[in-house]
>>> print(open('entry_35.pdb').read())   # PDB, C-alpha atoms, pLDDT in the B column
ATOM      1  CA  MET C 169      -7.799 128.278 122.873  1.00 42.00           C
ATOM      2  CA  GLU C 170      -9.939 125.687 121.069  1.00 47.00           C
ATOM      3  CA  GLN C 171      -9.179 127.344 117.704  1.00 51.00           C
ATOM      4  CA  GLN C 172      -5.445 127.064 118.433  1.00 53.00           C
ATOM      5  CA  THR C 173      -5.759 123.389 119.342  1.00 59.00           C
ATOM      6  CA  ASP C 174      -7.830 122.757 116.218  1.00 85.00           C
ATOM      7  CA  THR C 175      -5.308 124.487 113.945  1.00 88.00           C
ATOM      8  CA  ARG C 176      -2.349 122.665 115.477  1.00 91.00           C
ATOM      9  CA  SER C 177      -4.244 119.386 115.241  1.00 90.00           C
ATOM     10  CA  GLN C 178      -5.155 120.115 111.607  1.00 91.00           C
ATOM     11  CA  ILE C 179      -1.489 120.676 110.753  1.00 93.00           C
ATOM     12  CA  LEU C 180      -0.463 117.423 112.471  1.00 93.00           C
ATOM     13  CA  THR C 181      -3.285 115.364 110.946  1.00 92.00           C
ATOM     14  CA  THR C 182      -2.536 116.641 107.460  1.00 93.00           C
ATOM     15  CA  GLY C 183       1.183 116.195 108.080  1.00 90.00           C
ATOM     16  CA  ARG C 184       0.707 112.601 109.167  1.00 90.00           C
ATOM     17  CA  ARG C 185      -1.157 111.795 105.955  1.00 90.00           C
ATOM     18  CA  LEU C 186       1.389 113.541 103.730  1.00 91.00           C
ATOM     19  CA  THR C 187       4.364 112.082 105.607  1.00 89.00           C
ATOM     20  CA  ALA C 188       2.916 108.578 105.280  1.00 86.00           C
ATOM     21  CA  GLN C 189       2.725 109.127 101.524  1.00 87.00           C
ATOM     22  CA  GLN C 190       5.895 111.133 100.833  1.00 88.00           C
ATOM     23  CA  GLY C 191       8.213 110.762 103.819  1.00 85.00           C
ATOM     24  CA  TYR C 192       9.318 113.508 106.183  1.00 87.00           C
ATOM     25  CA  THR C 193      11.745 115.254 103.854  1.00 86.00           C
ATOM     26  CA  GLY C 194       9.338 114.923 100.922  1.00 88.00           C
ATOM     27  CA  VAL C 195       6.777 117.158 102.605  1.00 89.00           C
ATOM     28  CA  GLY C 196       7.536 120.850 102.146  1.00 89.00           C
ATOM     29  CA  LEU C 197       6.045 123.384 104.532  1.00 89.00           C
ATOM     30  CA  SER C 198       4.251 125.219 101.726  1.00 89.00           C
ATOM     31  CA  SER C 199       2.469 122.087 100.507  1.00 91.00           C
ATOM     32  CA  LEU C 200       1.672 121.014 104.081  1.00 92.00           C
ATOM     33  CA  LEU C 201       0.107 124.350 104.977  1.00 90.00           C
ATOM     34  CA  LYS C 202      -1.748 124.623 101.679  1.00 91.00           C
ATOM     35  CA  GLU C 203      -3.185 121.140 102.144  1.00 92.00           C
ATOM     36  CA  ALA C 204      -4.086 121.915 105.778  1.00 91.00           C
ATOM     37  CA  GLY C 205      -5.653 125.246 104.805  1.00 90.00           C
ATOM     38  CA  VAL C 206      -3.472 127.130 107.269  1.00 89.00           C
ATOM     39  CA  PRO C 207      -1.639 130.424 106.573  1.00 87.00           C
ATOM     40  CA  LYS C 208       2.154 130.110 106.494  1.00 81.00           C
ATOM     41  CA  GLY C 209       2.662 132.496 109.403  1.00 82.00           C
ATOM     42  CA  SER C 210       0.471 130.317 111.591  1.00 82.00           C
ATOM     43  CA  PHE C 211       2.874 127.387 111.373  1.00 87.00           C
ATOM     44  CA  TYR C 212       5.532 129.169 113.426  1.00 89.00           C
ATOM     45  CA  HIS C 213       2.940 130.077 116.040  1.00 89.00           C
ATOM     46  CA  TYR C 214       2.610 126.353 116.812  1.00 91.00           C
ATOM     47  CA  PHE C 215       6.051 125.004 115.891  1.00 92.00           C
ATOM     48  CA  ALA C 216       9.424 126.734 116.214  1.00 92.00           C
ATOM     49  CA  SER C 217      10.830 124.864 113.211  1.00 91.00           C
ATOM     50  CA  LYS C 218      10.127 121.976 110.869  1.00 90.00           C
ATOM     51  CA  GLU C 219      12.102 119.764 113.240  1.00 91.00           C
ATOM     52  CA  ALA C 220       9.869 120.820 116.168  1.00 93.00           C
ATOM     53  CA  TYR C 221       6.871 119.968 113.996  1.00 91.00           C
ATOM     54  CA  GLY C 222       8.454 116.576 113.168  1.00 90.00           C
ATOM     55  CA  CYS C 223       8.964 115.907 116.882  1.00 92.00           C
ATOM     56  CA  ALA C 224       5.320 116.791 117.600  1.00 93.00           C
ATOM     57  CA  LEU C 225       4.200 114.539 114.751  1.00 91.00           C
ATOM     58  CA  LEU C 226       6.183 111.594 116.137  1.00 90.00           C
ATOM     59  CA  GLU C 227       5.083 112.220 119.732  1.00 93.00           C
ATOM     60  CA  GLU C 228       1.439 112.242 118.663  1.00 91.00           C
ATOM     61  CA  PHE C 229       1.937 109.053 116.646  1.00 87.00           C
ATOM     62  CA  MET C 230       3.693 107.279 119.530  1.00 88.00           C
ATOM     63  CA  THR C 231       0.872 108.240 121.922  1.00 90.00           C
ATOM     64  CA  GLU C 232      -1.701 106.876 119.471  1.00 88.00           C
ATOM     65  CA  TYR C 233       0.418 103.762 118.913  1.00 87.00           C
ATOM     66  CA  GLY C 234       0.623 103.188 122.666  1.00 87.00           C
ATOM     67  CA  THR C 235      -3.167 103.106 122.821  1.00 88.00           C
ATOM     68  CA  ARG C 236      -3.306 100.541 120.013  1.00 85.00           C
ATOM     69  CA  LEU C 237      -0.503  98.573 121.656  1.00 87.00           C
ATOM     70  CA  ASN C 238      -2.535  98.313 124.854  1.00 85.00           C
ATOM     71  CA  ALA C 239      -5.550  97.148 122.866  1.00 85.00           C
ATOM     72  CA  SER C 240      -3.628  94.068 121.750  1.00 87.00           C
ATOM     73  CA  LEU C 241      -0.857  93.367 124.291  1.00 91.00           C
ATOM     74  CA  ALA C 242      -2.979  94.171 127.354  1.00 89.00           C
ATOM     75  CA  HIS C 243      -6.316  92.826 126.117  1.00 90.00           C
ATOM     76  CA  PRO C 244      -8.074  91.432 129.215  1.00 90.00           C
ATOM     77  CA  ASP C 245      -9.956  88.677 127.369  1.00 93.00           C
ATOM     78  CA  MET C 246      -6.940  86.966 125.791  1.00 94.00           C
ATOM     79  CA  ASP C 247      -4.099  84.911 127.180  1.00 96.00           C
ATOM     80  CA  ALA C 248      -0.578  86.278 126.731  1.00 96.00           C
ATOM     81  CA  ARG C 249       0.372  84.134 123.727  1.00 97.00           C
ATOM     82  CA  SER C 250      -2.796  85.149 121.890  1.00 96.00           C
ATOM     83  CA  ARG C 251      -2.031  88.802 122.663  1.00 96.00           C
ATOM     84  CA  VAL C 252       1.459  88.480 121.146  1.00 97.00           C
ATOM     85  CA  PHE C 253       0.101  86.957 117.944  1.00 96.00           C
ATOM     86  CA  THR C 254      -2.755  89.466 117.761  1.00 94.00           C
ATOM     87  CA  TYR C 255      -0.198  92.288 117.982  1.00 94.00           C
ATOM     88  CA  PHE C 256       1.974  90.891 115.201  1.00 95.00           C
ATOM     89  CA  GLY C 257      -1.057  89.876 113.138  1.00 95.00           C
ATOM     90  CA  ARG C 258      -2.300  93.467 113.255  1.00 91.00           C
ATOM     91  CA  TRP C 259       1.209  94.691 112.415  1.00 91.00           C
ATOM     92  CA  ARG C 260       1.225  92.448 109.332  1.00 94.00           C
ATOM     93  CA  THR C 261      -2.231  93.624 108.239  1.00 92.00           C
ATOM     94  CA  LYS C 262      -1.370  97.321 108.653  1.00 89.00           C
ATOM     95  CA  GLN C 263       1.963  97.055 106.848  1.00 88.00           C
ATOM     96  CA  LEU C 264       0.265  95.344 103.903  1.00 89.00           C
ATOM     97  CA  SER C 265      -2.501  97.933 103.691  1.00 85.00           C
ATOM     98  CA  PRO C 266      -2.736  99.796 100.379  1.00 86.00           C
ATOM     99  CA  ASP C 267      -3.302 102.995 102.400  1.00 83.00           C
ATOM    100  CA  PRO C 268       0.079 104.439 103.497  1.00 78.00           C
ATOM    101  CA  GLU C 269      -1.608 106.058 106.520  1.00 79.00           C
ATOM    102  CA  ASP C 270      -2.334 102.615 107.970  1.00 78.00           C
ATOM    103  CA  ARG C 271       1.344 101.713 108.037  1.00 77.00           C
ATOM    104  CA  CYS C 272       3.638 102.342 110.973  1.00 75.00           C
ATOM    105  CA  LEU C 273       5.319 105.744 110.978  1.00 75.00           C
ATOM    106  CA  VAL C 274       8.253 104.265 112.934  1.00 77.00           C
ATOM    107  CA  VAL C 275       8.925 101.887 110.039  1.00 77.00           C
ATOM    108  CA  LYS C 276       8.504 104.709 107.520  1.00 76.00           C
ATOM    109  CA  LEU C 277      10.750 107.258 109.238  1.00 78.00           C
ATOM    110  CA  SER C 278      13.382 105.283 111.159  1.00 77.00           C
ATOM    111  CA  ALA C 279      16.043 105.322 108.463  1.00 75.00           C
ATOM    112  CA  GLU C 280      15.030 108.726 107.123  1.00 78.00           C
ATOM    113  CA  VAL C 281      15.394 110.721 110.346  1.00 79.00           C
ATOM    114  CA  ALA C 282      18.261 108.773 111.933  1.00 74.00           C
ATOM    115  CA  ASP C 283      20.901 111.180 110.604  1.00 79.00           C
ATOM    116  CA  LEU C 284      18.551 114.109 110.064  1.00 82.00           C
ATOM    117  CA  SER C 285      17.400 114.954 113.588  1.00 86.00           C
ATOM    118  CA  ALA C 286      18.803 113.864 116.929  1.00 89.00           C
ATOM    119  CA  ASN C 287      15.599 114.986 118.656  1.00 92.00           C
ATOM    120  CA  MET C 288      13.355 112.977 116.356  1.00 89.00           C
ATOM    121  CA  SER C 289      15.656 109.963 116.749  1.00 90.00           C
ATOM    122  CA  ILE C 290      15.336 110.219 120.542  1.00 92.00           C
ATOM    123  CA  ILE C 291      11.533 110.158 120.278  1.00 91.00           C
ATOM    124  CA  LEU C 292      11.693 107.103 118.021  1.00 89.00           C
ATOM    125  CA  GLN C 293      14.178 105.356 120.346  1.00 91.00           C
ATOM    126  CA  LYS C 294      11.961 105.963 123.376  1.00 93.00           C
ATOM    127  CA  GLY C 295       8.910 104.745 121.494  1.00 91.00           C
ATOM    128  CA  VAL C 296      10.676 101.564 120.407  1.00 92.00           C
ATOM    129  CA  SER C 297      11.991 100.990 123.937  1.00 95.00           C
ATOM    130  CA  ASP C 298       8.456 101.305 125.343  1.00 93.00           C
ATOM    131  CA  ILE C 299       7.104  98.856 122.758  1.00 94.00           C
ATOM    132  CA  VAL C 300       9.853  96.323 123.486  1.00 96.00           C
ATOM    133  CA  ALA C 301       9.278  96.658 127.252  1.00 96.00           C
ATOM    134  CA  HIS C 302       5.541  96.035 126.806  1.00 96.00           C
ATOM    135  CA  LEU C 303       6.237  93.052 124.571  1.00 97.00           C
ATOM    136  CA  ALA C 304       8.734  91.654 127.119  1.00 97.00           C
ATOM    137  CA  ARG C 305       6.124  91.946 129.900  1.00 97.00           C
ATOM    138  CA  THR C 306       3.645  90.062 127.742  1.00 97.00           C
ATOM    139  CA  LEU C 307       6.180  87.281 127.119  1.00 97.00           C
ATOM    140  CA  GLU C 308       6.777  87.043 130.884  1.00 97.00           C
ATOM    141  CA  GLN C 309       3.026  86.903 131.499  1.00 97.00           C
ATOM    142  CA  GLY C 310       2.795  84.066 128.994  1.00 97.00           C
ATOM    143  CA  ALA C 311       5.258  82.031 131.039  1.00 96.00           C
ATOM    144  CA  GLU C 312       3.201  82.840 134.155  1.00 96.00           C
ATOM    145  CA  ASP C 313      -0.169  81.941 132.613  1.00 95.00           C
ATOM    146  CA  GLY C 314       1.247  78.799 130.991  1.00 96.00           C
ATOM    147  CA  THR C 315       0.644  79.783 127.356  1.00 97.00           C
ATOM    148  CA  ILE C 316       4.284  80.476 126.404  1.00 97.00           C
ATOM    149  CA  ALA C 317       7.235  78.240 127.199  1.00 96.00           C
ATOM    150  CA  PRO C 318       9.526  80.095 129.621  1.00 94.00           C
ATOM    151  CA  LEU C 319      12.118  82.135 127.747  1.00 95.00           C
ATOM    152  CA  GLU C 320      15.654  82.552 129.047  1.00 95.00           C
ATOM    153  CA  ASP C 321      15.598  86.335 128.549  1.00 97.00           C
ATOM    154  CA  PRO C 322      12.170  87.811 127.683  1.00 97.00           C
ATOM    155  CA  ARG C 323      13.633  91.286 127.114  1.00 97.00           C
ATOM    156  CA  ALA C 324      16.191  89.981 124.607  1.00 97.00           C
ATOM    157  CA  SER C 325      13.472  87.905 122.924  1.00 97.00           C
ATOM    158  CA  ALA C 326      11.208  90.966 122.688  1.00 98.00           C
ATOM    159  CA  GLU C 327      14.022  93.020 121.146  1.00 97.00           C
ATOM    160  CA  MET C 328      14.796  90.294 118.639  1.00 97.00           C
ATOM    161  CA  LEU C 329      11.119  89.967 117.663  1.00 98.00           C
ATOM    162  CA  TYR C 330      10.661  93.708 117.263  1.00 95.00           C
ATOM    163  CA  HIS C 331      13.855  94.102 115.241  1.00 95.00           C
ATOM    164  CA  MET C 332      12.900  91.154 113.035  1.00 97.00           C
ATOM    165  CA  TRP C 333       9.451  92.647 112.331  1.00 96.00           C
ATOM    166  CA  LEU C 334      10.900  96.096 111.669  1.00 93.00           C
ATOM    167  CA  GLY C 335      13.327  94.604 109.142  1.00 93.00           C
ATOM    168  CA  ALA C 336      10.620  92.454 107.572  1.00 95.00           C
ATOM    169  CA  SER C 337       8.431  95.537 107.187  1.00 92.00           C
ATOM    170  CA  LEU C 338      11.207  97.434 105.406  1.00 89.00           C
ATOM    171  CA  ILE C 339      11.895  94.530 103.042  1.00 92.00           C
ATOM    172  CA  ALA C 340       8.165  94.091 102.398  1.00 92.00           C
ATOM    173  CA  SER C 341       7.994  97.780 101.422  1.00 87.00           C
ATOM    174  CA  ILE C 342      10.980  97.465  99.108  1.00 89.00           C
ATOM    175  CA  SER C 343       9.796  94.242  97.492  1.00 92.00           C
ATOM    176  CA  HIS C 344       6.061  95.030  97.478  1.00 90.00           C
ATOM    177  CA  SER C 345       5.578  91.507  98.779  1.00 94.00           C
ATOM    178  CA  ASP C 346       3.999  89.956 101.844  1.00 95.00           C
ATOM    179  CA  ALA C 347       6.658  87.208 101.928  1.00 97.00           C
ATOM    180  CA  PRO C 348       8.962  88.932 104.477  1.00 97.00           C
ATOM    181  CA  LEU C 349       6.048  89.479 106.878  1.00 96.00           C
ATOM    182  CA  ASN C 350       4.857  85.899 106.411  1.00 97.00           C
ATOM    183  CA  SER C 351       8.383  84.707 107.218  1.00 98.00           C
ATOM    184  CA  ALA C 352       8.438  86.934 110.292  1.00 97.00           C
ATOM    185  CA  MET C 353       5.176  85.395 111.485  1.00 97.00           C
ATOM    186  CA  ASP C 354       6.548  81.870 110.938  1.00 97.00           C
ATOM    187  CA  ALA C 355       9.689  82.777 112.887  1.00 97.00           C
ATOM    188  CA  THR C 356       7.599  84.338 115.662  1.00 97.00           C
ATOM    189  CA  LYS C 357       5.683  81.057 116.044  1.00 96.00           C
ATOM    190  CA  ALA C 358       9.004  79.261 116.526  1.00 95.00           C
ATOM    191  CA  LEU C 359      10.419  81.909 118.883  1.00 96.00           C
ATOM    192  CA  VAL C 360       7.294  82.161 121.061  1.00 97.00           C
ATOM    193  CA  PRO C 361       6.484  78.474 121.561  1.00 95.00           C
ATOM    194  CA  ALA C 362       3.611  77.075 123.521  1.00 93.00           C
ATOM    195  CA  PRO C 363       4.787  75.009 126.518  1.00 91.00           C
TER     196      PRO C 363
END
>>> encode(input="entry_35.pdb", output="structure tokens")
Amino acid sequence: MEQQTDTRSQILTTGRRLTAQQGYTGVGLSSLLKEAGVPKGSFYHYFASKEAYGCALLEEFMTEYGTRLNASLAHPDMDARSRVFTYFGRWRTKQLSPDPEDRCLVVKLSAEVADLSANMSIILQKGVSDIVAHLARTLEQGAEDGTIAPLEDPRASAEMLYHMWLGASLIASISHSDAPLNSAMDATKALVPAP
């Protein structure tokens, strides 16, 4: 059983790296399996199709992202406002990294898989919804702990912030510039005011 888990994990780890570099459709199964050192027949033992593999890749990423999300938005030693800015500060740093693997797979694949796979889109939608809900809770906690001015609708504010950062990340990728992410941080400071 451990060998099976290791092989599946090897395929997903290699796939994550290649997908970060080339996109989902840019990674062919032959090149993925060659890079992973896995025989072609083994792929279908673990995944029924390339789409099933893509779903597994996204599910694994979202689980990992949730852990990182908790490390910033639920950090016990920071007040809520600091947690919000730590989260977006880390987002900015990762999106500007020269290593494509550091960047968010949601940003990378959102537009690519939207029309390609309903199942992959559902995984992305759920992941985004979970992130927004966590961000909204943090904004509410900021009003409670007195570090963020009370917001009329924390959920709507969280959605707006997330959407703004997603768009800024896409424009930063297109322009190869940090300006969109710097603008997003400036806007976040205005939208998440101290009392």
>>> atom_distance(input="entry_35.pdb", atom1="CA of Leu284 in chain C", atom2="CA of Ala340 in chain C")
23.8 Å
>>> residues_near_point(input="entry_35.pdb", point="(3.2, 90.3, 113.0)", cutoff="10 Å", atoms="all atoms listed in the file", output="list in words")
Val252, Phe253, Thr254, Tyr255, Phe256, Gly257, Arg258, Trp259, Arg260, Thr261, Lys262, Gln263, Leu329, Tyr330, Met332, Trp333, Leu334, Ala336, Ser337, Leu349, Asn350, Ser351, Ala352, Met353, Asp354, Ala355 and Thr356 of chain C
>>> atom_distance(input="entry_35.pdb", atom1="CA of Val300 in chain C", atom2="CA of Glu327 in chain C")
5.8 Å
>>> resolve_selection(input="entry_35.pdb", expression="the PyMOL selection byres ((chain C and resi 274) around 12)", output="number ranges by chain")
C: 184, 187-188, 191-192, 225-230, 233, 259, 263, 269-273, 275-282, 288-296, 299, 330-331, 333-335, 337-338
>>> write_last_selection(input="entry_35.pdb", atoms="C-alpha atoms", output="short mmCIF file (atom, residue, chain, number, x, y, z; two decimals), in the coordinates of the input")
data_model
loop_
_atom_site.label_atom_id
_atom_site.label_comp_id
_atom_site.auth_asym_id
_atom_site.auth_seq_id
_atom_site.Cartn_x
_atom_site.Cartn_y
_atom_site.Cartn_z
CA ARG C 184 0.71 112.60 109.17
CA THR C 187 4.36 112.08 105.61
CA ALA C 188 2.92 108.58 105.28
CA GLY C 191 8.21 110.76 103.82
CA TYR C 192 9.32 113.51 106.18
CA LEU C 225 4.20 114.54 114.75
CA LEU C 226 6.18 111.59 116.14
CA GLU C 227 5.08 112.22 119.73
CA GLU C 228 1.44 112.24 118.66
CA PHE C 229 1.94 109.05 116.65
CA MET C 230 3.69 107.28 119.53
CA TYR C 233 0.42 103.76 118.91
CA TRP C 259 1.21 94.69 112.42
CA GLN C 263 1.96 97.06 106.85
CA GLU C 269 -1.61 106.06 106.52
CA ASP C 270 -2.33 102.62 107.97
CA ARG C 271 1.34 101.71 108.04
CA CYS C 272 3.64 102.34 110.97
CA LEU C 273 5.32 105.74 110.98
CA VAL C 275 8.93 101.89 110.04
CA LYS C 276 8.50 104.71 107.52
CA LEU C 277 10.75 107.26 109.24
CA SER C 278 13.38 105.28 111.16
CA ALA C 279 16.04 105.32 108.46
CA GLU C 280 15.03 108.73 107.12
CA VAL C 281 15.39 110.72 110.35
CA ALA C 282 18.26 108.77 111.93
CA MET C 288 13.36 112.98 116.36
CA SER C 289 15.66 109.96 116.75
CA ILE C 290 15.34 110.22 120.54
CA ILE C 291 11.53 110.16 120.28
CA LEU C 292 11.69 107.10 118.02
CA GLN C 293 14.18 105.36 120.35
CA LYS C 294 11.96 105.96 123.38
CA GLY C 295 8.91 104.74 121.49
CA VAL C 296 10.68 101.56 120.41
CA ILE C 299 7.10 98.86 122.76
CA TYR C 330 10.66 93.71 117.26
CA HIS C 331 13.86 94.10 115.24
CA TRP C 333 9.45 92.65 112.33
CA LEU C 334 10.90 96.10 111.67
CA GLY C 335 13.33 94.60 109.14
CA SER C 337 8.43 95.54 107.19
CA LEU C 338 11.21 97.43 105.41
#
>>> closest_atom_pairs(input="entry_35.pdb", of="range 245-304 of chain C", to="range 313-320 of chain C", cutoff="12 Å", atoms="only C-alpha atoms", output="tab-separated table")
residue	atom	partner	partner_atom	distance
C:Met246	CA	C:Thr315	CA	10.6
C:Asp247	CA	C:Thr315	CA	7.0
C:Ala248	CA	C:Thr315	CA	6.6
C:Arg249	CA	C:Thr315	CA	5.7
C:Ser250	CA	C:Thr315	CA	8.4
C:Arg251	CA	C:Thr315	CA	10.5
C:Val252	CA	C:Ile316	CA	10.0
C:Phe253	CA	C:Ile316	CA	11.4
C:Ala304	CA	C:Leu319	CA	10.1
>>> resolve_selection(input="entry_35.pdb", expression="the PyMOL selection byres ((chain C and resi 203-214) around 12)", output="NGL selection string")
:C and (171-186 or 195-202 or 215-222 or 224)
>>> atom_distance(input="entry_35.pdb", atom1="CA of Ser341 in chain C", atom2="CA of His302 in chain C")
25.6 Å
>>> closest_residue(input="entry_35.pdb", among="C:Ser325, C:Ser285, C:Gln189, C:Thr231", to="Ala301 in chain C", atoms="all atoms listed in the file")
C:Ser325
>>> closest_residue(input="entry_35.pdb", among="C:Leu359, C:Leu241, C:Ile342, C:Ala286", to="Asp321 in chain C", atoms="all atoms listed in the file")
C:Leu359
>>> closest_residue(input="entry_35.pdb", among="C:Thr193, C:Gln309, C:Asn238, C:Ser345", to="Pro266 in chain C", atoms="only C-alpha atoms")
C:Ser345
>>> closest_residue(input="entry_35.pdb", among="C:His243, C:Ser297, C:Leu264, C:Pro363", to="Glu312 in chain C", atoms="only C-alpha atoms")
C:Pro363
>>> build_atoms(input="entry_35.pdb", residues="range 278-295 of chain C", atoms="N, CA and C atoms", output="JSON list (two decimals), in the frame of the given file")
[["chain", "number", "residue", "atom", "x", "y", "z"],
["C", 278, "SER", "N", 12.18, 105.65, 110.40],
["C", 278, "SER", "CA", 13.38, 105.28, 111.16],
["C", 278, "SER", "C", 14.68, 105.60, 110.42],
["C", 279, "ALA", "N", 14.81, 105.09, 109.22],
["C", 279, "ALA", "CA", 16.04, 105.32, 108.46],
["C", 279, "ALA", "C", 16.15, 106.78, 108.00],
["C", 280, "GLU", "N", 15.01, 107.37, 107.67],
["C", 280, "GLU", "CA", 15.03, 108.73, 107.12],
["C", 280, "GLU", "C", 15.50, 109.77, 108.13],
["C", 281, "VAL", "N", 15.06, 109.67, 109.39],
["C", 281, "VAL", "CA", 15.39, 110.72, 110.35],
["C", 281, "VAL", "C", 16.60, 110.40, 111.21],
["C", 282, "ALA", "N", 17.15, 109.18, 111.07],
["C", 282, "ALA", "CA", 18.26, 108.77, 111.93],
["C", 282, "ALA", "C", 19.42, 109.77, 111.91],
["C", 283, "ASP", "N", 19.79, 110.23, 110.73],
["C", 283, "ASP", "CA", 20.90, 111.18, 110.60],
["C", 283, "ASP", "C", 20.43, 112.61, 110.44],
["C", 284, "LEU", "N", 19.12, 112.80, 110.34],
["C", 284, "LEU", "CA", 18.55, 114.11, 110.06],
["C", 284, "LEU", "C", 18.30, 114.91, 111.33],
["C", 285, "SER", "N", 17.81, 114.25, 112.39],
["C", 285, "SER", "CA", 17.40, 114.95, 113.59],
["C", 285, "SER", "C", 17.64, 114.11, 114.82],
["C", 286, "ALA", "N", 18.55, 114.58, 115.68],
["C", 286, "ALA", "CA", 18.80, 113.86, 116.93],
["C", 286, "ALA", "C", 17.56, 113.84, 117.80],
["C", 287, "ASN", "N", 16.80, 114.93, 117.81],
["C", 287, "ASN", "CA", 15.60, 114.99, 118.66],
["C", 287, "ASN", "C", 14.53, 114.02, 118.18],
["C", 288, "MET", "N", 14.33, 113.92, 116.88],
["C", 288, "MET", "CA", 13.36, 112.98, 116.36],
["C", 288, "MET", "C", 13.82, 111.54, 116.60],
["C", 289, "SER", "N", 15.11, 111.30, 116.48],
["C", 289, "SER", "CA", 15.66, 109.96, 116.75],
["C", 289, "SER", "C", 15.42, 109.56, 118.20],
["C", 290, "ILE", "N", 15.56, 110.50, 119.12],
["C", 290, "ILE", "CA", 15.34, 110.22, 120.54],
["C", 290, "ILE", "C", 13.88, 109.81, 120.77],
["C", 291, "ILE", "N", 12.95, 110.50, 120.13],
["C", 291, "ILE", "CA", 11.53, 110.16, 120.28],
["C", 291, "ILE", "C", 11.28, 108.75, 119.74],
["C", 292, "LEU", "N", 11.85, 108.44, 118.59],
["C", 292, "LEU", "CA", 11.69, 107.10, 118.02],
["C", 292, "LEU", "C", 12.31, 106.04, 118.93],
["C", 293, "GLN", "N", 13.51, 106.32, 119.46],
["C", 293, "GLN", "CA", 14.18, 105.36, 120.35],
["C", 293, "GLN", "C", 13.35, 105.09, 121.59],
["C", 294, "LYS", "N", 12.79, 106.13, 122.18],
["C", 294, "LYS", "CA", 11.96, 105.96, 123.38],
["C", 294, "LYS", "C", 10.71, 105.16, 123.04],
["C", 295, "GLY", "N", 10.10, 105.48, 121.91],
["C", 295, "GLY", "CA", 8.91, 104.74, 121.49],
["C", 295, "GLY", "C", 9.20, 103.27, 121.31]]
